[in-house]
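Data file: work14.cif. Format and content: mmCIF, C-alpha atoms.
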```cif
data_entry
#
loop_
_atom_site.group_PDB
_atom_site.id
_atom_site.type_symbol
_atom_site.label_atom_id
_atom_site.label_comp_id
_atom_site.auth_asym_id
_atom_site.auth_seq_id
_atom_site.Cartn_x
_atom_site.Cartn_y
_atom_site.Cartn_z
ATOM 1 C CA MET V 1 -28.431 -34.703 20.135
ATOM 2 C CA GLU V 2 -27.921 -33.594 23.728
ATOM 3 C CA ASP V 3 -27.947 -36.223 26.466
ATOM 4 C CA LYS V 4 -30.069 -34.472 29.107
ATOM 5 C CA ASN V 5 -28.883 -36.854 31.821
ATOM 6 C CA LYS V 6 -25.185 -36.230 31.203
ATOM 7 C CA PHE V 7 -23.335 -34.491 34.050
ATOM 8 C CA TYR V 8 -20.374 -32.486 32.729
ATOM 9 C CA THR V 9 -17.281 -32.386 34.936
ATOM 10 C CA CYS V 10 -13.920 -30.621 34.837
ATOM 11 C CA LYS V 11 -12.583 -33.525 32.838
ATOM 12 C CA ASP V 12 -13.477 -31.212 29.974
ATOM 13 C CA ASP V 13 -11.285 -28.112 29.711
ATOM 14 C CA ARG V 14 -14.300 -25.954 28.842
ATOM 15 C CA VAL V 15 -16.025 -26.857 32.107
ATOM 16 C CA PHE V 16 -12.777 -26.273 34.000
ATOM 17 C CA LYS V 17 -12.529 -22.777 32.528
ATOM 18 C CA GLU V 18 -16.180 -22.002 33.260
ATOM 19 C CA ILE V 19 -15.494 -22.541 36.958
ATOM 20 C CA PHE V 20 -11.854 -21.791 37.687
ATOM 21 C CA MET V 21 -11.356 -18.874 35.280
ATOM 22 C CA LYS V 22 -14.149 -16.834 36.856
ATOM 23 C CA LYS V 23 -12.618 -14.200 39.105
ATOM 24 C CA GLU V 24 -15.475 -14.588 41.576
ATOM 25 C CA ASN V 25 -14.282 -18.200 41.995
ATOM 26 C CA LYS V 26 -10.676 -17.233 42.610
ATOM 27 C CA ASP V 27 -10.916 -18.743 46.098
ATOM 28 C CA LEU V 28 -11.603 -22.164 44.538
ATOM 29 C CA LEU V 29 -8.559 -21.891 42.282
ATOM 30 C CA ILE V 30 -6.377 -20.741 45.165
ATOM 31 C CA ALA V 31 -7.502 -23.690 47.315
ATOM 32 C CA LEU V 32 -6.752 -26.085 44.449
ATOM 33 C CA LEU V 33 -3.281 -24.645 43.810
ATOM 34 C CA GLU V 34 -2.405 -24.465 47.494
ATOM 35 C CA SER V 35 -3.221 -28.148 47.936
ATOM 36 C CA ILE V 36 -1.095 -29.117 44.924
ATOM 37 C CA LEU V 37 1.920 -26.852 45.475
ATOM 38 C CA ASP V 38 1.822 -26.919 49.281
ATOM 39 C CA ILE V 39 2.056 -23.129 49.482
ATOM 40 C CA LYS V 40 0.027 -20.198 50.777
ATOM 41 C CA ILE V 41 -1.180 -17.771 48.103
ATOM 42 C CA LYS V 42 -1.892 -14.167 49.040
ATOM 43 C CA GLU V 43 -2.328 -12.817 45.520
ATOM 44 C CA LEU V 44 -3.360 -14.470 42.270
ATOM 45 C CA LYS V 45 -3.310 -12.763 38.890
ATOM 46 C CA TYR V 46 -4.939 -14.168 35.758
ATOM 47 C CA LEU V 47 -2.640 -13.877 32.728
ATOM 48 C CA ASN V 48 -3.356 -13.743 29.000
ATOM 49 C CA LEU V 49 -4.292 -17.184 27.679
ATOM 50 C CA GLU V 50 -3.135 -16.505 24.127
ATOM 51 C CA LYS V 51 0.543 -17.038 23.431
ATOM 52 C CA ASN V 52 2.143 -15.819 20.216
ATOM 53 C CA VAL V 53 4.434 -18.339 18.550
ATOM 54 C CA ASP V 54 7.687 -17.699 16.729
ATOM 55 C CA ASN V 55 6.999 -20.163 13.913
ATOM 56 C CA ILE V 56 4.446 -18.826 11.420
ATOM 57 C CA SER V 57 3.502 -22.404 10.503
ATOM 58 C CA VAL V 58 2.292 -23.084 14.043
ATOM 59 C CA ARG V 59 -1.061 -21.883 15.287
ATOM 60 C CA ARG V 60 -1.208 -19.672 18.379
ATOM 61 C CA LYS V 61 -1.327 -21.508 21.659
ATOM 62 C CA HIS V 62 -4.254 -20.965 23.979
ATOM 63 C CA PHE V 63 -3.496 -22.041 27.536
ATOM 64 C CA ASP V 64 -6.289 -23.695 29.470
ATOM 65 C CA LEU V 65 -5.300 -21.490 32.400
ATOM 66 C CA HIS V 66 -2.321 -19.220 33.048
ATOM 67 C CA VAL V 67 -1.919 -17.477 36.393
ATOM 68 C CA LYS V 68 0.773 -15.886 38.506
ATOM 69 C CA THR V 69 1.199 -15.811 42.271
ATOM 70 C CA GLU V 70 3.781 -13.930 44.292
ATOM 71 C CA THR V 71 6.427 -16.551 43.470
ATOM 72 C CA GLU V 72 4.981 -18.887 40.805
ATOM 73 C CA ASN V 73 4.167 -18.671 37.105
ATOM 74 C CA ILE V 74 1.629 -21.456 36.594
ATOM 75 C CA HIS V 75 0.219 -23.166 33.494
ATOM 76 C CA ILE V 76 -2.685 -25.561 33.849
ATOM 77 C CA GLU V 77 -3.549 -27.984 31.059
ATOM 78 C CA VAL V 78 -6.616 -30.233 31.119
ATOM 79 C CA ASN V 79 -6.290 -33.356 28.977
ATOM 80 C CA SER V 80 -9.575 -35.216 28.588
ATOM 81 C CA GLU V 81 -7.642 -38.176 27.194
ATOM 82 C CA MET V 82 -4.004 -39.161 26.978
ATOM 83 C CA LYS V 83 -2.558 -39.170 23.505
ATOM 84 C CA LYS V 84 1.014 -39.886 22.505
ATOM 85 C CA TYR V 85 1.808 -36.230 21.768
ATOM 86 C CA VAL V 86 0.266 -34.699 24.925
ATOM 87 C CA ARG V 87 3.410 -34.612 27.060
ATOM 88 C CA LEU V 88 5.596 -33.307 24.251
ATOM 89 C CA ARG V 89 3.105 -30.574 23.357
ATOM 90 C CA ASN V 90 2.497 -29.452 26.934
ATOM 91 C CA ALA V 91 6.208 -29.415 27.785
ATOM 92 C CA SER V 92 6.910 -27.269 24.718
ATOM 93 C CA PHE V 93 4.390 -24.694 25.987
ATOM 94 C CA LEU V 94 6.103 -24.511 29.372
ATOM 95 C CA PHE V 95 9.623 -24.310 27.936
ATOM 96 C CA ASP V 96 8.520 -21.545 25.570
ATOM 97 C CA THR V 97 7.135 -19.478 28.447
ATOM 98 C CA TYR V 98 10.271 -20.161 30.486
ATOM 99 C CA SER V 99 12.584 -19.034 27.683
ATOM 100 C CA HIS V 100 10.643 -15.796 27.138
ATOM 101 C CA GLU V 101 10.102 -14.796 30.758
ATOM 102 C CA VAL V 102 13.047 -16.082 32.779
ATOM 103 C CA LEU V 103 15.311 -13.280 31.510
ATOM 104 C CA ARG V 104 14.417 -9.927 33.069
ATOM 105 C CA GLY V 105 16.629 -7.047 31.989
ATOM 106 C CA ASN V 106 20.218 -8.220 32.343
ATOM 107 C CA ASP V 107 19.455 -10.843 34.998
ATOM 108 C CA TYR V 108 17.864 -14.261 34.990
ATOM 109 C CA ASP V 109 14.916 -14.788 37.310
ATOM 110 C CA GLU V 110 15.755 -17.688 39.618
ATOM 111 C CA ASP V 111 13.128 -16.841 42.253
ATOM 112 C CA THR V 112 9.982 -17.514 40.204
ATOM 113 C CA LEU V 113 8.935 -21.150 39.945
ATOM 114 C CA PHE V 114 7.664 -21.939 36.446
ATOM 115 C CA VAL V 115 5.300 -24.846 36.939
ATOM 116 C CA GLN V 116 2.885 -26.683 34.696
ATOM 117 C CA ILE V 117 0.058 -28.717 36.224
ATOM 118 C CA ASN V 118 -1.417 -31.341 33.916
ATOM 119 C CA PHE V 119 -4.739 -32.968 34.750
ATOM 120 C CA THR V 120 -4.825 -36.088 32.597
ATOM 121 C CA TRP V 121 -8.129 -37.877 32.877
ATOM 122 C CA GLY V 122 -7.420 -41.094 31.008
ATOM 123 C CA LEU V 123 -4.572 -43.147 29.609
ATOM 124 C CA GLY V 124 -6.879 -45.245 27.423
ATOM 125 C CA GLU V 125 -5.340 -46.940 24.393
ATOM 126 C CA HIS V 126 -2.171 -44.860 24.818
ATOM 127 C CA SER V 127 -1.221 -46.438 28.158
ATOM 128 C CA LYS V 128 1.522 -48.385 26.341
ATOM 129 C CA TYR V 129 3.480 -45.154 25.992
ATOM 130 C CA PHE V 130 3.658 -44.592 29.754
ATOM 131 C CA ASP V 131 4.949 -46.531 32.743
ATOM 132 C CA THR V 132 1.902 -47.519 34.759
ATOM 133 C CA SER V 133 3.471 -50.562 36.422
ATOM 134 C CA LYS V 134 3.940 -48.705 39.715
ATOM 135 C CA ASP V 135 0.319 -47.535 39.782
ATOM 136 C CA GLU V 136 1.480 -43.960 40.281
ATOM 137 C CA ASN V 137 -1.200 -41.297 40.644
ATOM 138 C CA ILE V 138 1.091 -38.269 40.497
ATOM 139 C CA ASN V 139 4.281 -37.611 38.538
ATOM 140 C CA ILE V 140 6.605 -34.691 39.267
ATOM 141 C CA PHE V 141 9.242 -33.882 36.670
ATOM 142 C CA MET V 142 12.326 -31.661 36.947
ATOM 143 C CA LEU V 143 15.529 -31.383 34.922
ATOM 144 C CA ARG V 144 18.071 -33.467 36.878
ATOM 145 C CA ASN V 145 21.430 -35.098 36.343
ATOM 146 C CA ASN V 146 22.116 -38.843 36.661
ATOM 147 C CA ASN V 147 22.631 -38.432 40.428
ATOM 148 C CA GLY V 148 19.227 -36.839 40.887
ATOM 149 C CA LYS V 149 20.505 -33.304 41.480
ATOM 150 C CA PRO V 150 18.472 -30.517 39.829
ATOM 151 C CA TYR V 151 19.984 -28.884 36.757
ATOM 152 C CA ILE V 152 17.835 -25.854 37.479
ATOM 153 C CA ASN V 153 15.587 -25.338 40.493
ATOM 154 C CA ASN V 154 12.736 -23.250 39.099
ATOM 155 C CA LEU V 155 11.045 -25.385 36.449
ATOM 156 C CA GLU V 156 8.661 -28.207 37.280
ATOM 157 C CA ILE V 157 5.895 -30.285 35.694
ATOM 158 C CA ILE V 158 3.265 -31.931 37.898
ATOM 159 C CA GLU V 159 1.041 -34.537 36.289
ATOM 160 C CA PHE V 160 -2.108 -35.978 37.863
ATOM 161 C CA PHE V 161 -3.951 -39.033 36.589
ATOM 162 C CA SER V 162 -7.675 -39.678 37.006
ATOM 163 C CA LYS V 163 -6.981 -42.919 38.865
ATOM 164 C CA LEU V 164 -6.088 -40.789 41.893
ATOM 165 C CA CYS V 165 -9.744 -40.995 42.920
ATOM 166 C CA TYR V 166 -9.450 -44.801 43.165
ATOM 167 C CA SER V 167 -6.596 -44.639 45.657
ATOM 168 C CA LYS V 168 -7.168 -46.370 49.002
ATOM 169 C CA ASP V 169 -4.710 -44.035 50.724
ATOM 170 C CA GLU V 170 -6.959 -41.821 52.878
ATOM 171 C CA LYS V 171 -4.189 -39.276 53.532
ATOM 172 C CA LEU V 172 -3.564 -38.953 49.803
ATOM 173 C CA ILE V 173 -7.277 -38.550 49.118
ATOM 174 C CA ASP V 174 -7.600 -35.861 51.785
ATOM 175 C CA LYS V 175 -4.552 -33.959 50.494
ATOM 176 C CA TYR V 176 -5.739 -33.974 46.868
ATOM 177 C CA LYS V 177 -9.505 -33.945 47.333
ATOM 178 C CA TYR V 178 -9.724 -30.663 45.381
ATOM 179 C CA VAL V 179 -8.140 -32.445 42.408
ATOM 180 C CA ILE V 180 -10.339 -35.510 42.860
ATOM 181 C CA MET V 181 -13.557 -33.469 43.035
ATOM 182 C CA MET V 182 -13.082 -32.198 39.474
ATOM 183 C CA ASP V 183 -14.258 -35.425 37.868
ATOM 184 C CA LEU V 184 -16.912 -36.600 40.307
ATOM 185 C CA GLY V 185 -20.654 -36.757 39.813
ATOM 186 C CA LYS V 186 -23.178 -35.395 42.303
ATOM 187 C CA LYS V 187 -23.367 -38.443 44.587
ATOM 188 C CA ASP V 188 -19.610 -38.859 44.868
ATOM 189 C CA LEU V 189 -19.176 -35.120 45.457
ATOM 190 C CA GLU V 190 -21.604 -35.309 48.358
ATOM 191 C CA LYS V 191 -19.558 -38.144 49.873
ATOM 192 C CA LEU V 192 -16.318 -36.222 49.408
ATOM 193 C CA SER V 193 -17.580 -32.924 50.817
ATOM 194 C CA LYS V 194 -17.982 -33.918 54.511
ATOM 195 C CA ASN V 195 -18.690 -30.290 55.392
ATOM 196 C CA ASP V 196 -15.661 -29.075 53.405
ATOM 197 C CA LYS V 197 -16.450 -25.491 52.341
ATOM 198 C CA VAL V 198 -14.361 -25.639 49.161
ATOM 199 C CA VAL V 199 -15.963 -28.862 47.906
ATOM 200 C CA ASN V 200 -19.427 -27.506 48.732
ATOM 201 C CA ARG V 201 -18.700 -24.267 46.852
ATOM 202 C CA TYR V 202 -17.422 -26.294 43.915
ATOM 203 C CA MET V 203 -20.582 -28.441 43.985
ATOM 204 C CA SER V 204 -22.782 -25.390 43.654
ATOM 205 C CA GLU V 205 -20.664 -24.084 40.759
ATOM 206 C CA ILE V 206 -20.574 -27.351 38.820
ATOM 207 C CA GLU V 207 -24.353 -27.652 39.227
ATOM 208 C CA ARG V 208 -24.774 -24.071 38.002
ATOM 209 C CA VAL V 209 -22.751 -24.866 34.883
ATOM 210 C CA ASN V 210 -24.704 -28.062 34.209
ATOM 211 C CA GLU V 211 -28.040 -26.287 34.600
ATOM 212 C CA ASP V 212 -27.123 -23.543 32.118
ATOM 213 C CA PRO V 213 -29.012 -24.383 28.872
ATOM 214 C CA GLU V 214 -26.662 -22.291 26.703
ATOM 215 C CA PHE V 215 -23.625 -24.103 28.078
ATOM 216 C CA ARG V 216 -25.209 -27.515 27.568
ATOM 217 C CA GLU V 217 -26.097 -26.573 24.003
ATOM 218 C CA TYR V 218 -22.496 -25.484 23.429
ATOM 219 C CA MET V 219 -21.102 -28.738 24.897
ATOM 220 C CA SER V 220 -23.482 -30.823 22.830
ATOM 221 C CA ALA V 221 -22.380 -29.010 19.658
ATOM 222 C CA GLU V 222 -18.726 -29.476 20.643
ATOM 223 C CA GLU V 223 -19.240 -33.207 21.090
ATOM 224 C CA ASP V 224 -21.031 -33.448 17.748
ATOM 225 C CA ASN V 225 -18.170 -31.576 16.067
ATOM 226 C CA ARG V 226 -15.646 -33.883 17.723
ATOM 227 C CA LYS V 227 -17.465 -36.935 16.401
ATOM 228 C CA ILE V 228 -17.566 -35.397 12.918
ATOM 229 C CA GLU V 229 -13.893 -34.481 13.173
ATOM 230 C CA ASN V 230 -12.862 -37.983 14.241
ATOM 231 C CA SER V 231 -14.869 -39.553 11.474
ATOM 232 C CA LEU V 232 -13.517 -37.137 8.849
ATOM 233 C CA ARG V 233 -9.972 -37.539 10.126
ATOM 234 C CA LYS V 234 -10.248 -41.320 9.689
ATOM 235 C CA GLU V 235 -11.771 -40.894 6.242
ATOM 236 C CA TYR V 236 -9.121 -38.508 4.958
ATOM 237 C CA ILE V 237 -6.212 -40.286 6.605
ATOM 238 C CA GLU V 238 -7.278 -43.378 4.711
ATOM 239 C CA GLU V 239 -7.147 -41.270 1.541
ATOM 240 C CA GLY V 240 -3.606 -40.237 2.385
ATOM 241 C CA ILE V 241 -4.345 -36.644 3.380
ATOM 242 C CA GLU V 242 -1.817 -36.579 6.244
ATOM 243 C CA GLN V 243 0.938 -37.612 3.884
ATOM 244 C CA GLY V 244 -0.572 -35.800 0.955
ATOM 245 C CA THR V 245 0.228 -32.576 -0.824
ATOM 246 C CA ARG V 246 -1.115 -29.124 -0.055
ATOM 247 C CA LEU V 247 -3.324 -29.479 -3.125
ATOM 248 C CA ALA V 248 -4.902 -32.622 -1.673
ATOM 249 C CA LYS V 249 -5.599 -30.838 1.616
ATOM 250 C CA LEU V 250 -7.209 -27.911 -0.190
ATOM 251 C CA GLU V 251 -9.367 -30.281 -2.210
ATOM 252 C CA ALA V 252 -10.429 -32.098 0.958
ATOM 253 C CA ALA V 253 -11.248 -28.765 2.619
ATOM 254 C CA LYS V 254 -13.440 -27.778 -0.334
ATOM 255 C CA LYS V 255 -15.395 -31.005 -0.056
ATOM 256 C CA MET V 256 -15.925 -30.470 3.657
ATOM 257 C CA LYS V 257 -17.091 -26.878 3.118
ATOM 258 C CA GLU V 258 -19.617 -28.150 0.593
ATOM 259 C CA LYS V 259 -20.948 -30.483 3.304
ATOM 260 C CA GLY V 260 -21.382 -27.527 5.669
ATOM 261 C CA ILE V 261 -18.643 -28.569 8.078
ATOM 262 C CA ASP V 262 -17.489 -25.812 10.444
ATOM 263 C CA ASP V 263 -14.243 -24.079 9.391
ATOM 264 C CA SER V 264 -12.617 -24.774 12.763
ATOM 265 C CA VAL V 265 -13.220 -28.517 12.310
ATOM 266 C CA ILE V 266 -11.840 -28.400 8.751
ATOM 267 C CA SER V 267 -8.759 -26.593 10.044
ATOM 268 C CA GLU V 268 -8.234 -29.226 12.740
ATOM 269 C CA VAL V 269 -8.515 -32.081 10.248
ATOM 270 C CA THR V 270 -6.416 -30.622 7.392
ATOM 271 C CA SER V 271 -3.986 -28.337 9.316
ATOM 272 C CA LEU V 272 -4.946 -25.466 7.015
ATOM 273 C CA THR V 273 -5.447 -22.040 8.593
ATOM 274 C CA ILE V 274 -8.912 -20.527 8.988
ATOM 275 C CA GLU V 275 -7.928 -17.793 6.515
ATOM 276 C CA GLU V 276 -6.909 -20.367 3.901
ATOM 277 C CA ILE V 277 -10.217 -22.167 4.347
ATOM 278 C CA GLU V 278 -12.255 -18.942 4.147
ATOM 279 C CA ASN V 279 -10.529 -18.073 0.859
ATOM 280 C CA LEU V 280 -11.509 -21.325 -0.830
#
```
Any chance you could give the structure as structure tokens?
Amino acid sequence: MEDKNKFYTCKDDRVFKEIFMKKENKDLLIALLESILDIKIKELKYLNLEKNVDNISVRRKHFDLHVKTETENIHIEVNSEMKKYVRLRNASFLFDTYSHEVLRGNDYDEDTLFVQINFTWGLGEHSKYFDTSKDENINIFMLRNNNGKPYINNLEIIEFFSKLCYSKDEKLIDKYKYVIMMDLGKKDLEKLSKNDKVVNRYMSEIERVNEDPEFREYMSAEEDNRKIENSLRKEYIEEGIEQGTRLAKLEAAKKMKEKGIDDSVISEVTSLTIEEIENL
């Protein structure tokens, strides 16, 4: 059941896409990227979000956002929670793009920066997998040798954590206020805006999204599906499905279909393809 008082923020990748993927909001995306990369963007092109994969056992990757400027090829990934596999998965997406696009003709492209920006909104129970002792808000990763010299200069991963908004460093807050605004409610957005045109434009867009009944219905259904998925995952893991045979997965999928569970949820839980599930 939908919580009518809930205010959806860009902590959710769907909300992020609803705002920053709209071409009429390109100015918002440019302002966000300029503040993060410390560059000036004259042109911004939206690229295909679907990426074919070489391994037929792996489902196609859908980027949260993929854009290109004059000198940067940029992935953006929104992680509503930190799980152990998140960094490995996201890095594999970036390396795959790099390997396919860095070679142009007979020459390697050293001028384009391939950068992935990860917005990670919570470490939660998985904080033990990451070094949080320094209370870092931003991590920047490059391939370097043991002396700190770059192995290559045109590949970079930038990772933001939600705790950035709790920083007491006013200069840091001002620099990254367009990152911070993405997970603020109405009252905090009003405090942050201080006549900033970008934050005010963002406020109007996030309110538009939250007032859209179709979007709220979609989000409510997504949350319900996620709860079902988590509960089913626990149930079938306990039955040994993750370590089980293909036959066991097919049998579990049949049971879920009989209960009226959506095929996409069944696929997520069992790792079977949609086509396999439809053919049951």
Would you write out, as a PyMOL selection string, every residue that the PyMOL selection byres ((chain V and resi 274) around 12) captures in this file? chain V and resi 59+250+253+257+262-273+275-280
Dump of C-alpha atoms for the selected residues, as a CSV table (one decimal), keeping the file's coordinate frame:
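Dumped everything to selection.csv:
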```
chain,number,residue,atom,x,y,z
V,59,ARG,CA,-1.1,-21.9,15.3
V,250,LEU,CA,-7.2,-27.9,-0.2
V,253,ALA,CA,-11.2,-28.8,2.6
V,257,LYS,CA,-17.1,-26.9,3.1
V,262,ASP,CA,-17.5,-25.8,10.4
V,263,ASP,CA,-14.2,-24.1,9.4
V,264,SER,CA,-12.6,-24.8,12.8
V,265,VAL,CA,-13.2,-28.5,12.3
V,266,ILE,CA,-11.8,-28.4,8.8
V,267,SER,CA,-8.8,-26.6,10.0
V,268,GLU,CA,-8.2,-29.2,12.7
V,269,VAL,CA,-8.5,-32.1,10.2
V,270,THR,CA,-6.4,-30.6,7.4
V,271,SER,CA,-4.0,-28.3,9.3
V,272,LEU,CA,-4.9,-25.5,7.0
V,273,THR,CA,-5.4,-22.0,8.6
V,275,GLU,CA,-7.9,-17.8,6.5
V,276,GLU,CA,-6.9,-20.4,3.9
V,277,ILE,CA,-10.2,-22.2,4.3
V,278,GLU,CA,-12.3,-18.9,4.1
V,279,ASN,CA,-10.5,-18.1,0.9
V,280,LEU,CA,-11.5,-21.3,-0.8
```
What does the PyMOL selection byres ((chain V and resi 10) around 12) select in this file, as a PyMOL selection string? chain V and resi 7-9+11-20+64+77-80+119-121+162+178-185+202-203+205-207+209-210
Reference answer for the PyMOL selection byres ((chain V and resi 70) around 12), as a PDB file with C-alpha atoms, keeping the file's coordinate frame:
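Output file part_35.pdb is given in full below:
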```pdb
ATOM      1  CA  ILE V  39       2.056 -23.129  49.482  1.00  0.00           C
ATOM      2  CA  LYS V  40       0.027 -20.198  50.777  1.00  0.00           C
ATOM      3  CA  ILE V  41      -1.180 -17.771  48.103  1.00  0.00           C
ATOM      4  CA  LYS V  42      -1.892 -14.167  49.040  1.00  0.00           C
ATOM      5  CA  GLU V  43      -2.328 -12.817  45.520  1.00  0.00           C
ATOM      6  CA  LEU V  44      -3.360 -14.470  42.270  1.00  0.00           C
ATOM      7  CA  LYS V  45      -3.310 -12.763  38.890  1.00  0.00           C
ATOM      8  CA  VAL V  67      -1.919 -17.477  36.393  1.00  0.00           C
ATOM      9  CA  LYS V  68       0.773 -15.886  38.506  1.00  0.00           C
ATOM     10  CA  THR V  69       1.199 -15.811  42.271  1.00  0.00           C
ATOM     11  CA  THR V  71       6.427 -16.551  43.470  1.00  0.00           C
ATOM     12  CA  GLU V  72       4.981 -18.887  40.805  1.00  0.00           C
ATOM     13  CA  ASN V  73       4.167 -18.671  37.105  1.00  0.00           C
ATOM     14  CA  ILE V  74       1.629 -21.456  36.594  1.00  0.00           C
ATOM     15  CA  ASP V 111      13.128 -16.841  42.253  1.00  0.00           C
ATOM     16  CA  THR V 112       9.982 -17.514  40.204  1.00  0.00           C
ATOM     17  CA  LEU V 113       8.935 -21.150  39.945  1.00  0.00           C
ATOM     18  CA  PHE V 114       7.664 -21.939  36.446  1.00  0.00           C
TER      19      PHE V 114
END
```
Taking only C-alpha atoms into account, name the residue in V:Asn48, V:Ser220, V:Thr245, V:Asn146 that is nearest to Leu65 in chain V. V:Asn48
So the first atom is CA of Leu32 in chain V and the second is CA of Asp96 in chain V; what is the distance between them in Å, to one decimal place?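 CA of Leu32 in chain V sits 24.7 Å away from CA of Asp96 in chain V.
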Measure the distance from CA of Phe63 in chain V to CA of Glu50 in chain V in Å and round it to one decimal. 6.5 Å
How many Å separate CA of Asn139 in chain V from CA of Ile157 in chain V?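 Distance between the two atoms: 8.0 Å.
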